[in-house]
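Data block for coords02.cif (mmCIF, C-alpha atoms; chains and numbers go by the auth columns):
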data_model
#
loop_
_atom_site.group_PDB
_atom_site.id
_atom_site.type_symbol
_atom_site.label_atom_id
_atom_site.label_comp_id
_atom_site.label_asym_id
_atom_site.label_seq_id
_atom_site.Cartn_x
_atom_site.Cartn_y
_atom_site.Cartn_z
_atom_site.B_iso_or_equiv
_atom_site.auth_seq_id
_atom_site.auth_asym_id
ATOM 1 C CA MET A 1 -38.668 21.049 -8.603 0.00 1 A
ATOM 2 C CA LYS A 2 -37.860 21.428 -4.899 0.00 2 A
ATOM 3 C CA ASN A 3 -37.988 17.654 -4.489 0.00 3 A
ATOM 4 C CA ILE A 4 -35.447 17.176 -7.273 0.00 4 A
ATOM 5 C CA VAL A 5 -33.087 19.749 -5.741 0.00 5 A
ATOM 6 C CA LEU A 6 -33.536 18.210 -2.268 0.00 6 A
ATOM 7 C CA CYS A 7 -32.901 14.714 -3.640 0.00 7 A
ATOM 8 C CA PHE A 8 -29.764 15.915 -5.449 0.00 8 A
ATOM 9 C CA ALA A 9 -28.502 17.644 -2.282 0.00 9 A
ATOM 10 C CA ILE A 10 -29.020 14.467 -0.229 0.00 10 A
ATOM 11 C CA MET A 11 -27.199 12.368 -2.840 0.00 11 A
ATOM 12 C CA LEU A 12 -24.317 14.854 -2.879 0.00 12 A
ATOM 13 C CA LEU A 13 -24.031 14.820 0.911 0.00 13 A
ATOM 14 C CA TYR A 14 -24.131 11.028 0.955 0.00 14 A
ATOM 15 C CA ALA A 15 -21.405 10.845 -1.714 0.00 15 A
ATOM 16 C CA CYS A 16 -19.179 13.172 0.284 0.00 16 A
ATOM 17 C CA ALA A 17 -19.780 11.250 3.500 0.00 17 A
ATOM 18 C CA SER A 18 -19.095 7.891 1.872 0.00 18 A
ATOM 19 C CA SER A 19 -15.893 9.145 0.258 0.00 19 A
ATOM 20 C CA LYS A 20 -14.420 9.576 3.731 0.00 20 A
ATOM 21 C CA ASN A 21 -11.536 7.229 4.280 0.00 21 A
ATOM 22 C CA THR A 22 -12.962 3.703 4.446 0.00 22 A
ATOM 23 C CA GLY A 23 -10.605 2.738 7.257 0.00 23 A
ATOM 24 C CA ASP A 24 -11.979 5.368 9.653 0.00 24 A
ATOM 25 C CA LYS A 25 -15.161 3.445 10.389 0.00 25 A
ATOM 26 C CA TRP A 26 -13.187 0.310 11.308 0.00 26 A
ATOM 27 C CA ILE A 27 -11.120 1.816 14.118 0.00 27 A
ATOM 28 C CA GLY A 28 -12.136 0.004 17.319 0.00 28 A
ATOM 29 C CA LYS A 29 -14.009 -2.767 15.475 0.00 29 A
ATOM 30 C CA THR A 30 -12.881 -6.392 15.647 0.00 30 A
ATOM 31 C CA LYS A 31 -10.706 -8.199 13.146 0.00 31 A
ATOM 32 C CA GLN A 32 -13.443 -10.823 12.728 0.00 32 A
ATOM 33 C CA ASN A 33 -15.997 -8.175 11.696 0.00 33 A
ATOM 34 C CA LEU A 34 -13.559 -6.718 9.165 0.00 34 A
ATOM 35 C CA ILE A 35 -12.892 -10.125 7.620 0.00 35 A
ATOM 36 C CA LYS A 36 -16.625 -10.890 7.495 0.00 36 A
ATOM 37 C CA SER A 37 -17.180 -7.634 5.621 0.00 37 A
ATOM 38 C CA TRP A 38 -14.086 -7.385 3.387 0.00 38 A
ATOM 39 C CA GLY A 39 -13.094 -11.032 3.105 0.00 39 A
ATOM 40 C CA THR A 40 -9.742 -12.660 3.733 0.00 40 A
ATOM 41 C CA PRO A 41 -6.782 -10.271 3.416 0.00 41 A
ATOM 42 C CA ILE A 42 -4.356 -10.872 0.576 0.00 42 A
ATOM 43 C CA ARG A 43 -1.402 -10.849 3.019 0.00 43 A
ATOM 44 C CA THR A 44 -0.983 -10.881 6.800 0.00 44 A
ATOM 45 C CA PHE A 45 2.132 -9.737 8.656 0.00 45 A
ATOM 46 C CA ASP A 46 3.165 -10.140 12.256 0.00 46 A
ATOM 47 C CA ASN A 47 3.675 -6.667 13.730 0.00 47 A
ATOM 48 C CA ALA A 48 6.154 -7.727 16.433 0.00 48 A
ATOM 49 C CA SER A 49 4.679 -7.181 19.889 0.00 49 A
ATOM 50 C CA SER A 50 1.952 -4.821 18.609 0.00 50 A
ATOM 51 C CA GLY A 51 -0.314 -7.359 16.862 0.00 51 A
ATOM 52 C CA GLU A 52 -0.648 -7.959 13.145 0.00 52 A
ATOM 53 C CA ILE A 53 -1.174 -6.159 9.852 0.00 53 A
ATOM 54 C CA LEU A 54 -3.862 -7.231 7.395 0.00 54 A
ATOM 55 C CA VAL A 55 -3.117 -6.201 3.815 0.00 55 A
ATOM 56 C CA TYR A 56 -5.932 -5.648 1.315 0.00 56 A
ATOM 57 C CA ALA A 57 -5.050 -4.774 -2.286 0.00 57 A
ATOM 58 C CA ASP A 58 -6.857 -3.926 -5.509 0.00 58 A
ATOM 59 C CA GLN A 59 -5.175 -3.886 -8.884 0.00 59 A
ATOM 60 C CA VAL A 60 -6.162 -0.843 -10.965 0.00 60 A
ATOM 61 C CA TYR A 61 -5.681 -0.378 -14.699 0.00 61 A
ATOM 62 C CA GLU A 62 -5.820 3.109 -16.139 0.00 62 A
ATOM 63 C CA LYS A 63 -7.280 3.530 -19.601 0.00 63 A
ATOM 64 C CA ASP A 64 -4.931 5.099 -22.104 0.00 64 A
ATOM 65 C CA LYS A 65 -6.565 8.427 -22.999 0.00 65 A
ATOM 66 C CA ASP A 66 -4.750 8.757 -26.338 0.00 66 A
ATOM 67 C CA HIS A 67 -5.857 5.412 -27.752 0.00 67 A
ATOM 68 C CA ASP A 68 -9.261 3.804 -27.796 0.00 68 A
ATOM 69 C CA SER A 69 -8.096 0.216 -27.523 0.00 69 A
ATOM 70 C CA ARG A 70 -9.131 -2.747 -25.438 0.00 70 A
ATOM 71 C CA MET A 71 -5.614 -3.161 -24.070 0.00 71 A
ATOM 72 C CA ALA A 72 -5.073 -2.307 -20.440 0.00 72 A
ATOM 73 C CA GLY A 73 -3.135 0.838 -19.745 0.00 73 A
ATOM 74 C CA PRO A 74 -0.692 1.489 -16.921 0.00 74 A
ATOM 75 C CA MET A 75 -1.306 -0.549 -13.785 0.00 75 A
ATOM 76 C CA TYR A 76 -0.906 0.152 -10.075 0.00 76 A
ATOM 77 C CA TRP A 77 -2.087 -1.317 -6.768 0.00 77 A
ATOM 78 C CA ASN A 78 -4.247 0.347 -4.092 0.00 78 A
ATOM 79 C CA TYR A 79 -3.226 -1.013 -0.704 0.00 79 A
ATOM 80 C CA ILE A 80 -5.025 -0.728 2.618 0.00 80 A
ATOM 81 C CA TYR A 81 -2.983 -1.811 5.643 0.00 81 A
ATOM 82 C CA MET A 82 -5.235 -2.544 8.637 0.00 82 A
ATOM 83 C CA TYR A 83 -3.340 -2.657 11.945 0.00 83 A
ATOM 84 C CA VAL A 84 -4.815 -5.069 14.508 0.00 84 A
ATOM 85 C CA ASP A 85 -3.757 -4.824 18.149 0.00 85 A
ATOM 86 C CA LYS A 86 -3.211 -7.764 20.529 0.00 86 A
ATOM 87 C CA THR A 87 -6.871 -7.653 21.634 0.00 87 A
ATOM 88 C CA GLY A 88 -8.048 -8.287 18.051 0.00 88 A
ATOM 89 C CA LYS A 89 -9.337 -4.762 17.377 0.00 89 A
ATOM 90 C CA ILE A 90 -8.425 -2.447 14.518 0.00 90 A
ATOM 91 C CA SER A 91 -6.149 0.244 15.947 0.00 91 A
ATOM 92 C CA SER A 92 -5.183 2.149 12.780 0.00 92 A
ATOM 93 C CA PHE A 93 -4.911 1.899 9.017 0.00 93 A
ATOM 94 C CA ARG A 94 -2.907 3.244 6.120 0.00 94 A
ATOM 95 C CA ASN A 95 -3.711 3.663 2.420 0.00 95 A
ATOM 96 C CA GLU A 96 -1.006 3.437 -0.194 0.00 96 A
ATOM 97 C CA LYS A 97 -0.705 3.384 -3.985 0.00 97 A
ATOM 98 C CA GLN A 98 2.229 1.333 -5.337 0.00 98 A
ATOM 99 C CA ASN A 99 3.465 -0.265 -8.541 0.00 99 A
ATOM 100 C CA PHE A 100 4.494 -3.573 -6.949 0.00 100 A
ATOM 101 C CA SER A 101 2.282 -6.606 -6.409 0.00 101 A
ATOM 102 C CA PRO A 102 1.305 -7.877 -2.939 0.00 102 A
ATOM 103 C CA GLN A 103 3.426 -11.002 -3.421 0.00 103 A
ATOM 104 C CA SER A 104 6.558 -8.859 -3.697 0.00 104 A
ATOM 105 C CA ILE A 105 6.080 -7.106 -0.344 0.00 105 A
ATOM 106 C CA ASP A 106 9.127 -7.879 1.780 0.00 106 A
ATOM 107 C CA SER A 107 7.906 -7.614 5.370 0.00 107 A
ATOM 108 C CA ASP A 108 11.408 -7.649 6.864 0.00 108 A
ATOM 109 C CA LYS A 109 12.601 -4.836 4.617 0.00 109 A
ATOM 110 C CA LEU A 110 9.486 -2.728 5.182 0.00 110 A
ATOM 111 C CA ALA A 111 9.571 -3.333 8.932 0.00 111 A
ATOM 112 C CA GLY A 112 13.206 -2.197 8.958 0.00 112 A
ATOM 113 C CA MET A 113 12.113 1.016 7.249 0.00 113 A
ATOM 114 C CA ASN A 114 9.441 1.537 9.964 0.00 114 A
ATOM 115 C CA LEU A 115 6.652 1.585 7.369 0.00 115 A
ATOM 116 C CA LEU A 116 4.690 -1.315 8.830 0.00 116 A
ATOM 117 C CA THR A 117 4.523 -0.251 12.449 0.00 117 A
ATOM 118 C CA VAL A 118 1.469 1.026 14.232 0.00 118 A
ATOM 119 C CA LYS A 119 1.648 4.772 14.707 0.00 119 A
#
As structure tokens, the full file:
Amino acid sequence: MKNIVLCFAIMLLYACASSKNTGDKWIGKTKQNLIKSWGTPIRTFDNASSGEILVYADQVYEKDKDHDSRMAGPMYWNYIYMYVDKTGKISSFRNEKQNFSPQSIDSDKLAGMNLLTVK
């Protein structure tokens, strides 16, 4: 019984540790290592004199709780913006949930709103 409780406690601790923001472990790592691990970003933006921004996105469909159908429910996008400095290392990141697709991101408009600048 103690082994089962110990195993459950270890799994719970691991789940909590792995739910930490995925971008945290990439700070200070190289852009090449990130791309080897996550693949090619869906979009890349020039971040003026600061470096570049790699955009990763996942499309998420929520299941409609009122109906048990095979049709997809409401949809949104989970974005992760990885900021790469001039030396090629990840300097910061930002997570965001939006309703627009990655193709509709207007880098000039977002840059003008100071949303895509390294903090």
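Nearest residue to A:Ile105 among A:Tyr61, A:Phe45, A:Ser92, A:Asn33 is A:Phe45, counting all atoms listed in the file.
In terms of minimum interatomic distance to A:Ser49, A:Asp85 ranks closest within A:Ser37, A:Gly28, A:Asp85, A:Tyr79, counting only C-alpha atoms.
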Ground truth for the PyMOL selection byres ((chain A and resi 101) around 10), written as a PyMOL selection string: chain A and resi 57-59+76-79+98-100+102-105
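Between atom CA of A:Lys36 and atom CA of A:Met75 lies a distance of 28.2 Å.
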Best match for closeness to A:Asp46 among A:Glu96, A:Lys86, A:Lys25, A:Ser91, counting only C-alpha atoms: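 For A:Asp46, the nearest of the given residues is A:Lys86.
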